[in-house]
Structure formats: C-alpha cells, structure tokens
Amino acid sequence: MSEGMLERPDVSEYAPYYERYVSLVSEDHVVEVLEHQLERTLDFLRACPEQDGDRRYAPGKWSVREVIGHVIDVERVMAFRALSFARGDPATLPGMELDDWGRFSPYGALPLSALMEEFSAVRLSTIALFRHLGPEAWSRRGIASGYEFTVKALAYIIAGHERHHMEILKTRYFAEAQGGNPVPVEVKPPPAVHRNHAKARKDSLMQETPEQYTERILSYLHGRSPVTILASSPKRLTRLLKGVPAKKMQVRPAPDRWSVAEILAHIADTELVFGFRLRLTLGASGTIIQAFDQDAWADYARYAKQDPKVSLQAYRILRERNLRLLKSIPKEMWERYGMHTERGKETVTRLSEMVAGHDINHLAQIEGILRLQKRRTK
C-alpha cells in the first residue's frame with residue numbers, strides 16, 4: 001500500500017513548526033518523492049568540487065558538508081520516530097538540539113564522497129521503512145518534542161526538510177551552471193521579514209531580519225533589569241491612559257498605523273503568549289517556540305473593535321501572574337531555553353528581556369499617539 005497515493009497530512013498531524021517543510025511537498029506519492037530526491041541529491045553532490053564542501057554563504061553559517069550532515073541527522077531522527085510510532089510504541093520521544101548536535105558532529109571534516117555514501121545509506125533505509133508499512137501504520141500517532149505526529153506526517157517532513165536545504169544550497173551557496181555543475185557565487189540570504197506593528201499589514205511592511213529586530217528591541221533596555229521594566233510597565237501605561245476617552249483610543253494616527261486600542265489588544269495577546277512560552281520553556285527546556293503572525297491575529301480578533309479598557313485589564317492581570325512566576329523561580333532556571341522558530345535559542349532571561357523591550361517600544365508608540373492627538377485638538 002505504501003507506494004500508492006496517500007492523503008496529505010493535515011495540520012493536526014505534526015507540530016506547527018514543521019508546516020514549513022510539509023508545505024514544500026505537494027505530491028501525494030511521498031515514497032516516490034523520497035526515491036527521486038535520492039538521485040537528484042547525489043547528482044548535485046557529485047558535481048560539487050571537494051574544495052567547495054567547506055563553503056559557507058556567510059560567516060557563522062554551516063558549511064556545505066555540515067548542511068548535508070544536518071539533513072542526514074534529521075532524517076535519522078524522523079525515521080526513528082516513524083518506526084517507533086508505526087510499531088505502536090507508546091514511549092514519548094525527546095527533541096533534538098540542533099546547535100549541540102552540530103557542535104559534536106564529525107560532518108565538517110568528512111569528504112563529500114563519505115557524506116554521499118552515508119546519505120544514500122540512510123535514505124535507502126528510510127525508503128525501505130516506508131515502502132513496507134501496512135495501510136494502518138501510516139495513521140498511527142506518537143509524541144515527540146511534546147507534539148503529536150503521525151507516521152505519514154514524518155515521511156512528508158523528511159521529504160520537505162531535504163527539499164528545503166537543497167534549495168538553500170542551490171540558491172545561497174551555489175548557482176547552477178548549464179549542465180548541472182554547481183558554480184560558487186556570492187549570494188546573500190534574503191532577509192526574513194519582521195512585521196512592524198506600526199506599519200500597514202500589506203504593502204508597507206518594514207524589512208527587518210529577526211536578528212535586527214532582536215537587536216533593536218534589546219537596545220531599549222539600556223542595561224536595566226527586565227523584571228524591573230516588566231513590573232513598571234502596567235503602572236506607566238495606566239498613568240498614560242488616565243482620563244483618555246475610549247473613542248480617542250480607537251482613532252488611528254494614520255491609515256497605516258495602529259490606534260492605541262489596537263496596540264493595547266496586541267500587548268494583551270503578547271502577554272498571553274509570553275506566559276505560555278515561559279511555562280513551556282520552564283517545563284521542557286529545548287522545546288520549540290512557534291512564532292505567530294501578529295497581523296493575522298489583529299485581523300481575526302478585530303483589534304480595532306476591542307474595548308481598550310478590557311485589553312488593559314487583561315494585560316495587567318496576565319503581567320502580574322507572569323511576574324509572580326518569574327520572581328519565584330531559582331536563578332538556574334533562568335537559563336532554561338526554547339528554540340524560537342525565527343530567532344533561535346532564547347533563554348528565560350532573553351525571553352523576559354524581549355518582552356520588556358517590547359513594552360518600551362509600544363508604550364513609546366502610545367505616548368506619541370496621545371501627544372499627537374493633543375496637538376491636533378489645540
């Protein structure tokens with residue numbers, strides 16, 4: 001059965017983080033995809049000169065050898081998960097810390113020929129595993145990294161993950177010359193887009209990488225304790241909004257900028273997310289922390305229509321609970337971390353600093369809007 005058409009996995013069959021890989025596989029015959037990938041990947045690597053195995057598209061990025069090694073390691077992990085779940089094993093499986101695995105792996109020193117041989121062996125084993133599964137095995141489920149996966153979803157993740165990294169190799173590390181031989185080029189990776197809260201949600205998005213966003217938000221702290229800022233922000237906000245009519249809070253300073261009411265709804269939702277991420281990280285260090293699309297949240301939750309007083313109250317209550325938790329944990333727990341899907345490893349300390357900087361950013365926006373409104377009424 002496993003060679004026949006499969007219904008593609010839906011979002012309930014894998015952790016949200018893996019949508020980026022599952023979405024890259026539009027085919028229904030996932031075993032055939034795995035087979036075709038094997039030949040295409042080997043053809044690409046055969047054309048890659050040995051000296052280019054050390055190539056990196058930017059300082060601090062993985063080399064070509066390390067990218068291939070990472071693909072091999074992830075496939076081994078996902079295939080083991082699939083095997084375990086297909087056999088009905090009820091055990092909960094751990095996650096994998098990519099930075100640690102990369103640091104201790106031998107791939108950076110291996111010749112490309114050895115990596116090709118290893119990739120081929122792992123992929124042939126994976127294909128054999130999925131090819132011999134019975135119809136009922138594909139829908140069996142298990143828990144890994146705190147999320148539920150089906151066997152079918154894991155097959156799609158393996159295929160999509162390989163496709164994702166091969167595309168990076170081709171577009172960021174190499175340009176394909178005629179005849180399929182990789183030719184080194186200097187290609188800068190396209191910046192990830194961080195959606196600026198103050199900009200329009202469609203065409204006027206500020207181009208800001210996750211690294212740039214982090215640097216900007218942290219710069220607002222000026223060395224101050226994040227806990228001190230987190231504790232003072234609700235009081236500052238209450239003072240700022242004292243006596244401001246709700247109708248004024250719902251007026252946008254410009255068509256493409258949020259009103260005070262929209263900002264309040266956003267920071268209330270962000271505080272909810274902060275509390276969830278904080279508890280998730282404290283409970284399972286190394287867990288995946290999913291990013292969220294603030295503009296989509298603003299649209300479906302109708303931030304512009306929300307009562308600003310209710311949003312402020314929600315923010316204050318949630319902040320009080322989160323502060324009590326932060327103040328109660330021992331010092332060593334501040335080093336527990338989650339793996340943010342856009343920003344990478346974030347400890348409890350960094351998470352708290354980011355939210356504190358987020359407070360400063362939005363309080364300044366609110367202050368500016370109110371000041372503008374005063375000038376306009378004079």
# chains A, B, ... in the order shown; residues from 1 in each chain; ligands from 1
call {"tool": "select_by_dssp", "arguments": {"residues": "range 188-349 of chain A", "states": "strand (DSSP E or B)", "output": "PyMOL selection string"}}
result
chain A and resi 287-289+337-340+344-347
call {"tool": "select_by_dssp", "arguments": {"residues": "range 280-358 of chain A", "states": "alpha helix (DSSP H)", "output": "VMD selection string"}}
result
chain A and resid 280 to 283 294 to 300 308 to 328 348 to 358
call {"tool": "write_last_selection", "arguments": {"atoms": "N, CA and C atoms", "output": "CSV table (one decimal), in the first residue's frame"}}
result
chain,number,residue,atom,x,y,z
A,280,LEU,N,6.1,26.9,29.0
A,280,LEU,CA,6.5,25.8,28.2
A,280,LEU,C,8.0,25.6,28.3
A,281,THR,N,8.8,26.7,28.3
A,281,THR,CA,10.3,26.6,28.4
A,281,THR,C,10.7,26.1,29.8
A,282,LEU,N,10.1,26.6,30.8
A,282,LEU,CA,10.4,26.1,32.2
A,282,LEU,C,10.1,24.6,32.3
A,283,GLY,N,9.0,24.2,31.7
A,283,GLY,CA,8.6,22.8,31.8
A,283,GLY,C,9.4,21.8,31.0
A,294,GLN,N,1.3,38.4,14.0
A,294,GLN,CA,0.6,39.4,14.8
A,294,GLN,C,-0.5,40.0,13.9
A,295,ASP,N,-0.2,40.2,12.6
A,295,ASP,CA,-1.2,40.8,11.7
A,295,ASP,C,-2.4,40.0,11.5
A,296,ALA,N,-2.2,38.7,11.4
A,296,ALA,CA,-3.3,37.7,11.3
A,296,ALA,C,-4.2,37.8,12.6
A,297,TRP,N,-3.5,37.8,13.7
A,297,TRP,CA,-4.2,37.9,15.0
A,297,TRP,C,-5.0,39.1,15.1
A,298,ALA,N,-4.4,40.2,14.6
A,298,ALA,CA,-5.1,41.5,14.7
A,298,ALA,C,-6.4,41.5,13.8
A,299,ASP,N,-6.3,40.8,12.6
A,299,ASP,CA,-7.4,40.8,11.7
A,299,ASP,C,-8.5,39.9,12.3
A,300,TYR,N,-8.2,38.7,12.6
A,300,TYR,CA,-9.3,37.8,13.0
A,300,TYR,C,-9.9,38.2,14.4
A,308,PRO,N,-10.7,49.0,24.7
A,308,PRO,CA,-9.3,49.2,25.3
A,308,PRO,C,-9.2,49.0,26.8
A,309,LYS,N,-10.3,49.3,27.5
A,309,LYS,CA,-10.3,49.1,29.0
A,309,LYS,C,-10.2,47.6,29.3
A,310,VAL,N,-10.9,46.7,28.5
A,310,VAL,CA,-10.8,45.3,28.8
A,310,VAL,C,-9.4,44.8,28.4
A,311,SER,N,-8.8,45.3,27.3
A,311,SER,CA,-7.5,44.9,26.9
A,311,SER,C,-6.5,45.3,28.0
A,312,LEU,N,-6.6,46.5,28.5
A,312,LEU,CA,-5.7,46.9,29.6
A,312,LEU,C,-5.8,46.1,30.8
A,313,GLN,N,-7.0,45.7,31.2
A,313,GLN,CA,-7.2,44.9,32.4
A,313,GLN,C,-6.6,43.5,32.2
A,314,ALA,N,-6.8,43.0,31.0
A,314,ALA,CA,-6.3,41.6,30.7
A,314,ALA,C,-4.7,41.7,30.7
A,315,TYR,N,-4.1,42.7,30.2
A,315,TYR,CA,-2.7,42.8,30.2
A,315,TYR,C,-2.2,42.9,31.6
A,316,ARG,N,-2.8,43.7,32.5
A,316,ARG,CA,-2.3,43.9,33.8
A,316,ARG,C,-2.4,42.6,34.6
A,317,ILE,N,-3.5,41.9,34.5
A,317,ILE,CA,-3.7,40.6,35.2
A,317,ILE,C,-2.7,39.6,34.8
A,318,LEU,N,-2.5,39.4,33.4
A,318,LEU,CA,-1.6,38.4,32.9
A,318,LEU,C,-0.2,38.8,33.3
A,319,ARG,N,0.2,40.1,33.3
A,319,ARG,CA,1.5,40.5,33.7
A,319,ARG,C,1.8,40.2,35.1
A,320,GLU,N,0.8,40.4,36.0
A,320,GLU,CA,1.0,40.1,37.4
A,320,GLU,C,1.3,38.7,37.6
A,321,ARG,N,0.6,37.8,36.9
A,321,ARG,CA,0.8,36.3,37.1
A,321,ARG,C,2.2,35.9,36.6
A,322,ASN,N,2.6,36.5,35.4
A,322,ASN,CA,3.9,36.2,34.9
A,322,ASN,C,5.0,36.7,35.7
A,323,LEU,N,4.9,37.8,36.3
A,323,LEU,CA,5.9,38.4,37.2
A,323,LEU,C,6.0,37.5,38.5
A,324,ARG,N,4.9,37.1,39.0
A,324,ARG,CA,5.0,36.2,40.2
A,324,ARG,C,5.7,34.9,39.9
A,325,LEU,N,5.5,34.4,38.7
A,325,LEU,CA,6.2,33.2,38.3
A,325,LEU,C,7.7,33.5,38.2
A,326,LEU,N,8.1,34.5,37.5
A,326,LEU,CA,9.5,34.9,37.3
A,326,LEU,C,10.2,35.1,38.6
A,327,LYS,N,9.6,35.7,39.6
A,327,LYS,CA,10.2,36.0,40.8
A,327,LYS,C,10.3,34.8,41.7
A,328,SER,N,9.5,33.7,41.4
A,328,SER,CA,9.5,32.5,42.2
A,328,SER,C,10.5,31.5,41.8
A,348,VAL,N,15.1,31.9,29.3
A,348,VAL,CA,14.1,32.6,30.0
A,348,VAL,C,14.5,34.1,30.2
A,349,THR,N,15.8,34.3,30.5
A,349,THR,CA,16.3,35.7,30.6
A,349,THR,C,16.1,36.5,29.3
A,350,ARG,N,16.5,35.9,28.2
A,350,ARG,CA,16.3,36.6,26.9
A,350,ARG,C,14.8,36.8,26.6
A,351,LEU,N,14.0,35.8,26.8
A,351,LEU,CA,12.6,35.9,26.6
A,351,LEU,C,12.0,37.1,27.4
A,352,SER,N,12.4,37.2,28.7
A,352,SER,CA,12.0,38.3,29.5
A,352,SER,C,12.5,39.7,29.0
A,353,GLU,N,13.7,39.7,28.5
A,353,GLU,CA,14.3,40.9,28.0
A,353,GLU,C,13.5,41.4,26.8
A,354,MET,N,13.2,40.4,25.9
A,354,MET,CA,12.5,40.8,24.7
A,354,MET,C,11.1,41.3,25.0
A,355,VAL,N,10.4,40.8,26.0
A,355,VAL,CA,9.1,41.3,26.3
A,355,VAL,C,9.2,42.7,27.0
A,356,ALA,N,10.2,42.9,27.8
A,356,ALA,CA,10.5,44.2,28.4
A,356,ALA,C,10.7,45.2,27.3
A,357,GLY,N,11.6,44.9,26.4
A,357,GLY,CA,11.8,45.8,25.2
A,357,GLY,C,10.6,46.1,24.4
A,358,HIS,N,9.8,45.0,24.3
A,358,HIS,CA,8.5,45.1,23.5
A,358,HIS,C,7.6,46.1,24.3
call {"tool": "residues_around", "arguments": {"residues": "range 35-40 of chain A", "least_positions_apart": "3", "cutoff": "12 Å", "atoms": "only C-alpha atoms", "output": "PyMOL selection string"}}
result
chain A and resi 3+25+27+29-32+43-47+72+116-128+130-131+155+158-167+180
call {"tool": "residues_around", "arguments": {"residues": "Leu241 in chain A", "least_positions_apart": "5", "cutoff": "12 Å", "atoms": "only C-alpha atoms", "output": "list in words"}}
result
Pro234, Lys235, Arg236, Ala246, Lys248, Met249, Val260, Ala261, Leu264, Pro308, Lys309, Leu312, Leu363, Ile366, Glu367, Ile369, Leu370 and Arg371 of chain A
call {"tool": "write_last_selection", "arguments": {"atoms": "N, CA and C atoms", "output": "PDB file, in the first residue's frame"}}
result
ATOM      1  N   PRO A 234       2.909  48.209  33.430  1.00  0.00           N
ATOM      2  CA  PRO A 234       1.465  48.388  33.622  1.00  0.00           C
ATOM      3  C   PRO A 234       1.122  49.691  34.339  1.00  0.00           C
ATOM      4  N   LYS A 235       1.956  50.088  35.308  1.00  0.00           N
ATOM      5  CA  LYS A 235       1.706  51.343  36.035  1.00  0.00           C
ATOM      6  C   LYS A 235       1.888  52.540  35.107  1.00  0.00           C
ATOM      7  N   ARG A 236       2.959  52.486  34.303  1.00  0.00           N
ATOM      8  CA  ARG A 236       3.190  53.565  33.342  1.00  0.00           C
ATOM      9  C   ARG A 236       2.044  53.688  32.360  1.00  0.00           C
ATOM     10  N   ALA A 246     -12.364  56.308  25.541  1.00  0.00           N
ATOM     11  CA  ALA A 246     -12.203  55.107  24.719  1.00  0.00           C
ATOM     12  C   ALA A 246     -12.269  55.435  23.231  1.00  0.00           C
ATOM     13  N   LYS A 248     -11.241  58.090  21.698  1.00  0.00           N
ATOM     14  CA  LYS A 248      -9.949  58.621  21.247  1.00  0.00           C
ATOM     15  C   LYS A 248      -8.933  57.503  21.058  1.00  0.00           C
ATOM     16  N   MET A 249      -9.012  56.494  21.920  1.00  0.00           N
ATOM     17  CA  MET A 249      -8.070  55.379  21.821  1.00  0.00           C
ATOM     18  C   MET A 249      -8.283  54.573  20.548  1.00  0.00           C
ATOM     19  N   VAL A 260      -4.352  53.355  19.591  1.00  0.00           N
ATOM     20  CA  VAL A 260      -4.000  52.943  20.953  1.00  0.00           C
ATOM     21  C   VAL A 260      -4.761  51.679  21.319  1.00  0.00           C
ATOM     22  N   ALA A 261      -6.039  51.584  20.935  1.00  0.00           N
ATOM     23  CA  ALA A 261      -6.845  50.401  21.251  1.00  0.00           C
ATOM     24  C   ALA A 261      -6.264  49.145  20.609  1.00  0.00           C
ATOM     25  N   LEU A 264      -3.124  48.141  22.504  1.00  0.00           N
ATOM     26  CA  LEU A 264      -3.482  47.512  23.784  1.00  0.00           C
ATOM     27  C   LEU A 264      -3.922  46.067  23.582  1.00  0.00           C
ATOM     28  N   PRO A 308     -10.702  48.992  24.746  1.00  0.00           N
ATOM     29  CA  PRO A 308      -9.344  49.215  25.271  1.00  0.00           C
ATOM     30  C   PRO A 308      -9.241  48.996  26.772  1.00  0.00           C
ATOM     31  N   LYS A 309     -10.310  49.261  27.515  1.00  0.00           N
ATOM     32  CA  LYS A 309     -10.273  49.057  28.964  1.00  0.00           C
ATOM     33  C   LYS A 309     -10.162  47.575  29.303  1.00  0.00           C
ATOM     34  N   LEU A 312      -6.576  46.468  28.515  1.00  0.00           N
ATOM     35  CA  LEU A 312      -5.657  46.927  29.556  1.00  0.00           C
ATOM     36  C   LEU A 312      -5.776  46.066  30.810  1.00  0.00           C
ATOM     37  N   LEU A 363       4.855  51.323  24.498  1.00  0.00           N
ATOM     38  CA  LEU A 363       4.492  52.456  25.354  1.00  0.00           C
ATOM     39  C   LEU A 363       4.923  53.774  24.714  1.00  0.00           C
ATOM     40  N   ILE A 366       2.359  54.576  22.067  1.00  0.00           N
ATOM     41  CA  ILE A 366       1.126  55.104  22.660  1.00  0.00           C
ATOM     42  C   ILE A 366       1.324  56.548  23.103  1.00  0.00           C
ATOM     43  N   GLU A 367       2.450  56.802  23.728  1.00  0.00           N
ATOM     44  CA  GLU A 367       2.763  58.157  24.189  1.00  0.00           C
ATOM     45  C   GLU A 367       2.805  59.135  23.013  1.00  0.00           C
ATOM     46  N   ILE A 369       1.244  58.799  20.088  1.00  0.00           N
ATOM     47  CA  ILE A 369      -0.102  58.969  19.535  1.00  0.00           C
ATOM     48  C   ILE A 369      -0.905  59.960  20.372  1.00  0.00           C
ATOM     49  N   LEU A 370      -0.831  59.811  21.696  1.00  0.00           N
ATOM     50  CA  LEU A 370      -1.580  60.705  22.580  1.00  0.00           C
ATOM     51  C   LEU A 370      -1.059  62.142  22.475  1.00  0.00           C
ATOM     52  N   ARG A 371       0.258  62.287  22.339  1.00  0.00           N
ATOM     53  CA  ARG A 371       0.836  63.628  22.192  1.00  0.00           C
ATOM     54  C   ARG A 371       0.368  64.271  20.897  1.00  0.00           C
TER      55      ARG A 371
END
call {"tool": "closest_residue", "arguments": {"among": "A:Gly368, A:Pro245, A:Gly286, A:Pro9", "to": "Phe149 in chain A", "atoms": "only C-alpha atoms"}}
result
A:Pro9
call {"tool": "atom_distance", "arguments": {"atom1": "CA of Gly60 in chain A", "atom2": "CA of Glu332 in chain A"}}
result
28.1 Å
call {"tool": "closest_residue", "arguments": {"among": "A:Leu169, A:Ala231, A:Leu133, A:Leu154", "to": "Val74 in chain A", "atoms": "only C-alpha atoms"}}
result
A:Leu154
call {"tool": "atom_distance", "arguments": {"atom1": "CA of Thr377 in chain A", "atom2": "CA of Asp307 in chain A"}}
result
23.1 Å
call {"tool": "atom_distance", "arguments": {"atom1": "CA of Ile229 in chain A", "atom2": "CA of Lys345 in chain A"}}
result
22.4 Å
call {"tool": "closest_residue", "arguments": {"among": "A:Ser285, A:Thr347, A:Thr341, A:Gln365", "to": "Arg20 in chain A", "atoms": "only C-alpha atoms"}}
result
A:Thr341
call {"tool": "closest_residue", "arguments": {"among": "A:Arg56, A:Gly134, A:Leu98, A:Trp334", "to": "Ile168 in chain A", "atoms": "only C-alpha atoms"}}
result
A:Arg56
call {"tool": "residues_around", "arguments": {"residues": "Trp138 in chain A", "least_positions_apart": "6", "cutoff": "8 Å", "atoms": "only C-alpha atoms", "output": "MDAnalysis selection string"}}
result
chainID A and resid 86 150:152
call {"tool": "closest_residue", "arguments": {"among": "A:Val67, A:Leu372, A:Leu278, A:Ile329", "to": "Gly53 in chain A", "atoms": "only C-alpha atoms"}}
result
A:Val67
